[in-house]
Structure formats: C-alpha cells, structure tokens
Amino acid sequence: MIEQWQAMADDGREFESWDEITRHAEDLPEDEVRALIEDLAGWSGRRPMPYRWWERRSRGEWAPCFLLADHRVLYGDFEMREMEDPDAYEEFYGTSAVGDEGFLSGFNAIGTGPDLRWTALVSEAEGNSSSGGLEVFDAETGAWETDGVQEDDHYIGWGEDVAVSPDGSLLATAGRFDRQVIVWRVPGPERLWAAGSWRTGAEGAGYSHIGFSGDGRLIVAVSSASPWDGTVERNVVVAGAETGDVMFTTATVVAGGAVLDHSGSRLAFVGPDGDVLIHRLPDGEVVARHRTALPGAGALALSPEGDTVAVGGDGGVELLGRSTGRVPAEGTCQAITWSPDGPRALFTSEEAATVIDGQGRALWTRPMEDPSLLVAAFTPGGHTLVTIETYPAEITAWFLDRDLRG
C-alpha cells in the first residue's frame, strides 16, 4: 500500500493519497501507526491534520492516528489553489479552515493562544495610501473579526508586534504612531484600553515589542529602537493587562525585546554591553546580571520561576542563572519560548528555518527561499509554531509535540 500511495503522490494526486492514508490509520493501534510513520519516512508531501481529527483534538481527545499529522491549516485561501475536487478539500480541511476573504500582505508579526482559536496579525502602513492594521481570525467559526476591530481602532499606524494572552482571552498590539499599545478582549473584540498617552518619553517613537506574563496579568512593552543609533535609550514598561495601569518603567539601552516570568515578579532584557539584566518587580531592583558572549543576543525566555533565562542570538542559545549551558544552532534566533521541557527556539539560516529544543534537537525544519522573511510565533508553552504564508494565503500550525495527549 505504501508503494501505491507514493505512486499516487508522484502522479500529482498527493492530496488524494494523503486522505487515503489518514483514513487507513484511524483504526490502527499505536504500534502500527508508528510503524506506518517509519514506512512513510520518504514521503515528500504534506502531512496535514484532517478536520475530523482536529475536532477531536480540540475537545481534548487523543488517538494514535494523530501522530501522522505534523500540521493543521487554520486558514487557507483554497480558491487560489488549483483543485480537481474542491468539495473533497473542504471536507478534509473543514469549513472553518476555508475562507474567501483575501488579506495577506505586509505583516510584521503573528500571535496565537494555546488552543489556536485566535490568530492575530499586525501589518505595516503602505506609504501614504493606508494605515497599518490588525487582523483577527477565529478558527472556531472560520470568520475574520476584522470588521469589528476596524470600528474600534483597527488602524494602528504601523503594527510592529502582537501577542495573545496565555488563556487566549486578550490581544495586545504594539506599533508606531497613533495608538501605540492597544489591548482587546475576545470574543468581541472589545477594546479595553489604549496607551498612546503613556508618559514614558516614547510618544513619538512608538513600541516595537509586546508580551504577556505567564499568568496573563501583566504586559511588557519596549519602545521602538532608533534605526540609526542602537545606543539610544528605550523605554521598558510593565502594566496591568486588563487596565493599562503602569507598574514599572525604566529607560535604558535594550537589545531586542523583554520578557516576564510566569507570575510577573521578574523582568529580563539584554541591556547595555550585552548584559542580561533581571529586575525584581514591582520595585525594579536588579537582582541578577549575567554576561553573555553570544553575538546578536536579543531574544529571551524566562523559566516559569524566573531563575533561569534562555538567550537566543547568532549561532545558538545560552542558559544563564540557576541552569547554565550553551546549545549551538545554525543561523540567527528569531524567537524563543519556555516549554515544559525547557527552552525552544526558532532559527533561520540562509536556506532553512528550524526549531530546536534545549538539547539542540531539531523539532521542525523547513527549507525556504528566504527564511529571514518568515513570520512565525510559538503558542504559550511552545507546543506549536504558527506561521503565515502570503501566496497562497495560509495560516499553519506546526505540531512540535505530536504525541501530546489530551
């Protein structure tokens, strides 16, 4: 059967072949599913999760057949693809994954929650013709919530960064000009507050980074860096996620973004001269200072307890604090998160994008024409990487823990 399926794929019927494979695997015990995975080691096609499996997974169920799929298309503009049987595609991917509204261009950042229901994207301005904006996709209904957001400050100037809270209930954006930090509640979306009036000295520059604490109570924002002088001080602001009330702020040289631990009692960023600084909150006292020799350091993740920081840069990840060590990697770190088994980092090199864990093992890799242009984000906890493609339009969730049960 393997030869038959491979012949179908080689004959241009890859989708039909994969559909047959998924149906064959549904009644197999786990040992036979794993044997099938080994037999398909040379399979060069895609391995998407059918909607019928996705529904079960979303309910917290688990089945051995789920191991076969390495990704789920959350949104796909399948009208842009050449399809012999559109109805079969719709049945396989589910109506919630099929949309007919175009949108994808000029996105700077993507954010998503742990259950992958909400995907938020921010775009940049297009010259003098249009402002940047926020797009919000609801994978549960297959609908874009853009219209509702547009009525309530959809135009955000120039979107730089976006994040979804760990419980999936809040969206936060950072941008230049206009309302520089905005937080919405979903579903809705209902705007909670906007911080264009924060008196931090960054009113003209805007903000380039936004993130939540692990418990979702706080956000941290970092003002935009000067494109011509990296030694200029930037503002780091920690505020209540629900209210925008400022808890802590400091002005200093910052490389990259800043992160909070689970409880929001520790703040970390790469400061002057490459020092990794750990501040205690809310008083802001520097309780730890680590030196890293990692070039290009700027991507950070704090352990839930706040006692170890993972720093990503050019050529690897470095652990500093209670745990120490260095994991080499090819390329430049674009994003890093803390999963239950330690840090996970996304690296891009000249030819590929790769996610590694704290032992340097590749959890996902993808050859690309220009990996540096990849727009991607980890879910809270690092179980999934979400990417966006512009042509054909597609938002894809890549499963880094395919055997995660329930």
# chains A, B, ... in the order shown; residues from 1 in each chain; ligands from 1
>>> residues_around(residues="Trp184 in chain A", least_positions_apart="6", cutoff="8 Å", atoms="only C-alpha atoms", output="VMD selection string")
chain A and resid 170 to 172 190 to 193
>>> select_by_dssp(residues="range 238-277 of chain A", states="strand (DSSP E)", output="list of chain:residue names")
A:Val238, A:Ala239, A:Gly240, A:Val246, A:Met247, A:Phe248, A:Thr249, A:Thr250, A:Ala251, A:Thr252, A:Ala255, A:Gly256, A:Gly257, A:Ala258, A:Val259, A:Leu260, A:Arg266, A:Leu267, A:Ala268, A:Phe269, A:Val270, A:Asp275, A:Val276, A:Leu277
>>> write_last_selection(atoms="N, CA and C atoms", output="short mmCIF file (atom, residue, chain, number, x, y, z; two decimals), in the first residue's frame")
data_model
loop_
_atom_site.label_atom_id
_atom_site.label_comp_id
_atom_site.auth_asym_id
_atom_site.auth_seq_id
_atom_site.Cartn_x
_atom_site.Cartn_y
_atom_site.Cartn_z
N VAL A 238 6.02 47.98 32.15
CA VAL A 238 5.22 46.84 32.61
C VAL A 238 3.91 47.41 33.15
N ALA A 239 2.79 46.89 32.65
CA ALA A 239 1.48 47.43 33.01
C ALA A 239 0.47 46.31 33.20
N GLY A 240 -0.63 46.62 33.86
CA GLY A 240 -1.71 45.66 34.02
C GLY A 240 -2.35 45.35 32.69
N VAL A 246 0.32 51.49 34.76
CA VAL A 246 1.76 51.21 34.75
C VAL A 246 2.23 50.77 36.13
N MET A 247 2.91 49.62 36.18
CA MET A 247 3.50 49.13 37.42
C MET A 247 4.96 49.53 37.53
N PHE A 248 5.67 49.48 36.39
CA PHE A 248 7.11 49.74 36.40
C PHE A 248 7.52 50.27 35.05
N THR A 249 8.47 51.19 35.03
CA THR A 249 9.03 51.66 33.78
C THR A 249 10.48 52.06 34.00
N THR A 250 11.28 51.84 32.98
CA THR A 250 12.68 52.24 33.03
C THR A 250 13.12 52.63 31.63
N ALA A 251 14.10 53.51 31.54
CA ALA A 251 14.68 53.92 30.27
C ALA A 251 16.12 53.47 30.24
N THR A 252 16.47 52.64 29.25
CA THR A 252 17.81 52.10 29.17
C THR A 252 18.05 51.59 27.75
N ALA A 255 18.55 45.59 23.77
CA ALA A 255 18.72 44.86 22.52
C ALA A 255 17.59 43.85 22.40
N GLY A 256 16.69 44.06 21.44
CA GLY A 256 15.57 43.13 21.27
C GLY A 256 14.40 43.51 22.15
N GLY A 257 13.72 42.47 22.68
CA GLY A 257 12.54 42.70 23.50
C GLY A 257 12.81 42.48 24.97
N ALA A 258 11.73 42.25 25.73
CA ALA A 258 11.82 42.00 27.16
C ALA A 258 10.78 40.95 27.51
N VAL A 259 11.03 40.19 28.59
CA VAL A 259 10.11 39.12 28.96
C VAL A 259 9.84 39.15 30.46
N LEU A 260 8.66 38.63 30.82
CA LEU A 260 8.26 38.46 32.21
C LEU A 260 8.20 36.97 32.53
N ARG A 266 9.44 38.89 37.84
CA ARG A 266 10.77 39.07 37.27
C ARG A 266 10.64 39.58 35.84
N LEU A 267 11.52 40.51 35.50
CA LEU A 267 11.59 41.10 34.17
C LEU A 267 13.02 40.93 33.66
N ALA A 268 13.16 40.50 32.42
CA ALA A 268 14.50 40.29 31.85
C ALA A 268 14.62 40.95 30.48
N PHE A 269 15.79 41.52 30.21
CA PHE A 269 16.11 42.02 28.87
C PHE A 269 17.62 42.12 28.74
N VAL A 270 18.09 42.22 27.51
CA VAL A 270 19.52 42.41 27.24
C VAL A 270 19.80 43.90 27.24
N ASP A 275 24.88 42.81 28.70
CA ASP A 275 24.49 42.24 29.98
C ASP A 275 23.01 41.86 29.96
N VAL A 276 22.71 40.66 30.47
CA VAL A 276 21.33 40.23 30.63
C VAL A 276 20.90 40.62 32.04
N LEU A 277 19.93 41.51 32.14
CA LEU A 277 19.51 42.06 33.42
C LEU A 277 18.20 41.43 33.87
#
>>> residues_around(residues="range 33-47 of chain A", least_positions_apart="2", cutoff="7 Å", atoms="only C-alpha atoms", output="list in words")
Glu14, Ala25, Leu28, Pro29, Glu30, Asp31, Met49, Pro64, Cys65, Leu68, Ala69, Asp70 and His71 of chain A
>>> write_last_selection(atoms="C-alpha atoms", output="PDB file, in the first residue's frame")
ATOM      1  CA  GLU A  14      -0.819  13.902  -3.295  1.00  0.00           C
ATOM      2  CA  ALA A  25      -4.638   4.905  10.023  1.00  0.00           C
ATOM      3  CA  LEU A  28      -4.710   1.228  13.822  1.00  0.00           C
ATOM      4  CA  PRO A  29      -3.156   0.689  17.281  1.00  0.00           C
ATOM      5  CA  GLU A  30      -0.279   2.952  18.261  1.00  0.00           C
ATOM      6  CA  ASP A  31       2.499   0.483  17.414  1.00  0.00           C
ATOM      7  CA  MET A  49      -4.389  17.004  10.096  1.00  0.00           C
ATOM      8  CA  PRO A  64      -2.707   7.194  17.817  1.00  0.00           C
ATOM      9  CA  CYS A  65      -3.566   8.298  14.277  1.00  0.00           C
ATOM     10  CA  LEU A  68       0.746  11.040  11.479  1.00  0.00           C
ATOM     11  CA  ALA A  69      -0.112  14.714  11.047  1.00  0.00           C
ATOM     12  CA  ASP A  70       2.565  17.335  11.560  1.00  0.00           C
ATOM     13  CA  HIS A  71       0.427  20.428  10.963  1.00  0.00           C
TER      14      HIS A  71
END
>>> residues_around(residues="Gly381 in chain A", least_positions_apart="5", cutoff="9 Å", atoms="only C-alpha atoms", output="count of residues only")
6
